[in-house]
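One structure below.
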Amino acid sequence: MSRQLRSQWEFGEASECRRGLMLGMGYSEEELKRPLIGIVNSWNEYNPGHVHLRQVAERVKAGVREAGGLPVEVMTTGICDGMVLKDPRYIEVPSRNSIADQVEMTVEGNFFDGMVMLSTCDSIVPGHLMGAARINIPTILVTGGYMPLGQCRGKEVIHIHAQDKVGTAKAGKMDMDEYNELIAKSWGICGACTSMTTANSMCMIAEALGMTMPGNASVSAVSSQLYLMAYQAGLQIVSLVEQDIKARDIITVEALKNAIKLDMAVAASSNLILHIPAIANEAGYDLPWWKYFDEASAEVPLLSHLAPSGPYSLKDFDLAGGMTAILKELLPLLNGKCMTVTGNTLEENVKSAVTYNREVIRSLDNPVMKEPGIGVLYGNLAPEGSIIKIAAVPEQLMKFKGAARVLDGLQEGLDALRGGKIHPGDAIIIRFLGLRGRFGTTAFTFQEELKGIPELYNSCAIITDGRFSGGTSGLSVGYVSPEAALAGPLGLVKEGDMIEIDIKERKIHLDISEEEMNARAKDFHWEFPESEYPRFLNLFVKNVGSMAKGGIWE
């Protein structure tokens with residue numbers, strides 16, 4: 001098998017140098033005539049979602065060689081959302097943009113004919129997809145599977161339920177031996193954390209886009225199926241190169257809308273409101289993506305009630321039929337004609353799928369609820385929109401009115417909570433966490449501690465221009481845009497201002513006059529404390545674009 005030679009392979013000083021270097025590394029002349037496939041891995045020893053990808057990559061390489069290609073493994077960054085401890089050195093979102101840059105530099109600079117990318121976690125999967133959309137060569141993504149459930153005191157446990165106990169333990173309301181055992185035994189050895197946090201959400205989105213082998217997003221990280229899919233991806237990428245099927249042939253506007261609809265059907269992470277528009281804009285589609293989220297929220301019911309908002313784990317979802325099953329159930333609302341990396345359409349990929357448990361994966365005529373997983377709230381506090389994970393909001397908080405408790409930054413918020421300065425019914429403002437203000441820091445740690453204090457969790461709202469983890473629950477409004485650092489209305493809120501939220505009406509409102517808002521805006525002043533941060537984070541702040549476009553480089 002041989003490929004059509006491109007200009008960089010024509011005889012000349014540069015190509016001869018490259019040929020000589022490869023021969024010097026032990027490759028043969030015959031191998032240099034094969035399609036050159038980059039195996040873009042994000043393996044490292046500090047990210048449990050990626051720690052097994054070195055072995056998975058070997059199966060990809062075996063498939064590439066079997067199909068007549070030459071696999072060459074290269075690496076990108078792979079930061080774990082849980083490992084970076086949220087704050088003050090929280091660089092997971094900036095790492096996503098850096099990963100897309102790494103893909104561009106490594107893959108474009110080496111003139112690969114195609115690539116298979118391996119990733120699992122929160123910002124690595126979107127970073128890889130952004131890079132694929134940007135450079136537009138034949139590409140398949142292999143995601144690393146979901147983490148096996150932990151086992152504690154005779155029961156299987158989901159990690160998010162251990163995290164829920166942090167506030168309870170801090171308040172001295174739980175036996176510490178039981179707590180420590182729960183923390184020690186709630187996580188599995190590798191893979192994406194076992195609930196609908198951002199990692200599993202992004203793996204599902206990658207499959208809904210058509211960029212993975214069918215079923216990849218719902219396979220266990222310790223399953224033989226993952227290794228089989230990796231091998232099949234290695235075989236298939238050579239076929240995509242031969243057919244010249246590129247990333248943007250698959251990542252189309254209709255495929256992106258399919259992904260947004262899947263997002264709603266599984267109540268996926270609110271962080272997808274950032275990542276899907278980023279992938280879209282890297283592919284050249286500068287469209288009102290938040291509007292499409294809002295439209296899908298009105299159209300698509302919840303078909304699978306997965307933790308943290310529901311009772312089921314990713315293992316339950318897998319046993320019920322997994323991704324191919326839910327895509328088949330959702331197919332009447334999708335564009336089934338979209339091309340996928342198999343060379344077949346989405347509809348063809350799922351036609352033989354079977355749903356084995358109708359409680360875990362529902363049909364369109366028997367959904368969990370018609371209220372969608374994610375909604376977009378608008379109003380004078382969020383003119384460009386804000387995001388709420390509707391499926392995780394307690395019923396009594398679907399309509400809310402409370403006085404603002406204004407906190408500038410995550411640490412100030414945590415100090416107020418731990419110091420007893422948050423009261424039932426407060427509208428808790430945690431601001432200057434947005435992309436320009438603090439790199440898109442998540443307020444998840446605050447929300448988790450609040451969850452351990454039921455009288456606050458069941459009565460308060462959290463409103464922030466920062467992100468939330470996919471594990472968010474409660475009345476937690478994130479991504480308020482424009483962010484406070486850009487003199488958005490959130491930066492103008494004063495202590496005691498009344499704030500109203502109506503989830504069903506998709507409204508969030510600050511109860512002050514337009515004249516008062518304008519007067520406060522004239523007095524607003526804020527500067528990024530660049531001396532407190534290293535150069536890359538300063539570079540990110542100076543160049544990142546709006547959240548509504550996914551926070552890609554301006």
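Labels used: A, B, ... for chains in the order of the structure tokens, numbers from 1 for residues in each chain, and numbers from 1 for ligands as shown.
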
Stretch 538-548 of chain A: which residues within 9 Å, counting only C-alpha atoms, same-chain residues fewer than 2 positions away excluded, as a VMD selection string?
chain A and resid 94 97 273 to 274 277 to 278 288 to 290 384 to 385 434 to 439 479 481 to 483 528 530 to 531 533 to 536 550 to 554

Once DSSP has gone over the backbone, tell me which residues of stretch 311-522 of chain A are in strand (DSSP E or B), as a ChimeraX atom specification.
/A:312,339,345,369,374-379,382-389,399-408,427-431,442,461-464,467,476-481,498-502,507-510

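With distances restricted to only C-alpha atoms, A:Phe111 is the closest residue to A:Arg18 from A:Phe111, A:Gly78, A:Gly215, A:Glu207.
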
From the set A:Ile189, A:Leu456, A:Ala416, A:Met115, which residue has the shortest atom-to-atom contact distance to A:Val341, counting only C-alpha atoms?
A:Met115

Within 8 Å of stretch 118-140 of chain A, which residues of stretch 17-49 of chain A show up? Give each one with its shortest atom-to-atom distance in Å (one decimal) and the two atoms involved, counting only C-alpha atoms, rows by chain then rising residue number, as CSV.
residue,atom,partner,partner_atom,distance
A:Ile39,CA,A:Leu118,CA,7.6
A:Val40,CA,A:Leu118,CA,6.2
A:Asn41,CA,A:Leu118,CA,4.9
A:Ser42,CA,A:Ser119,CA,5.9
A:Trp43,CA,A:Ser119,CA,7.8
A:Gly49,CA,A:Thr120,CA,5.8

What is the distance, in Å and to one decimal place, between atom CA of A:Val266 and atom CA of A:Asn357?
15.2 Å

Between atom CA of A:Asn47 and atom CA of A:Gly82, what is the spacing in Å?
8.7 Å

Among the residues of stretch 109-248 of chain A, find those DSSP assigns to helix (DSSP H, G or I) from the backbone and print them as a PyMOL selection string.
chain A and resi 109+124-135+159-163+166-170+176-185+198-209+216-218+224-243+247-248

Nearest to A:Gln411 among A:Met174, A:Leu209, A:Thr445, A:Glu395, with distances taken over only C-alpha atoms: which residue is it?
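For A:Gln411, the nearest of the given residues is A:Thr445.
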
Taking only C-alpha atoms into account, which of A:Ile390, A:Val60, A:Ala67, A:Ala192 comes nearest A:Pro48?
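Closest candidate: A:Ala192.
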
Report, in Å with one decimal, the straight-line distance from atom CA of A:Ala100 to atom CA of A:Leu346.
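Atom-to-atom, atom CA of A:Ala100 and atom CA of A:Leu346 are spaced 25.8 Å apart.
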
When you look at A:Gln232 with a cut-off of 8 Å (counting only C-alpha atoms), what residues show up, excluding the ones that are within fewer than 3 positions of it in the same chain? I need them as a list in words.
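Within the cut-off, the hits are Val60, Gly63, Met213, Leu228, Met229, Leu235 and Gln236 of chain A.
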
Min atom-atom distance to A:Ala265 from the set A:Leu333, A:Asn281, A:Leu240, A:Asn200, counting only C-alpha atoms, belongs to A:Leu333

Which polymer residues have any atom within 10 Å of an atom of A:Gln163, counting only C-alpha atoms, with same-chain residues fewer than 6 positions away left out, as a list in words?
Tyr179, Leu182, Ile183, Ser186, Thr445, Glu448, Glu449, Lys451, Gly452 and Gly471 of chain A

Need the shell around A:Leu141: protein/DNA/RNA residues with any atom at most 7 Å away, counting only C-alpha atoms. Skip same-chain ones fewer than 4 positions apart. Format as an MDAnalysis selection string?
chainID A and resid 116:118 211:212
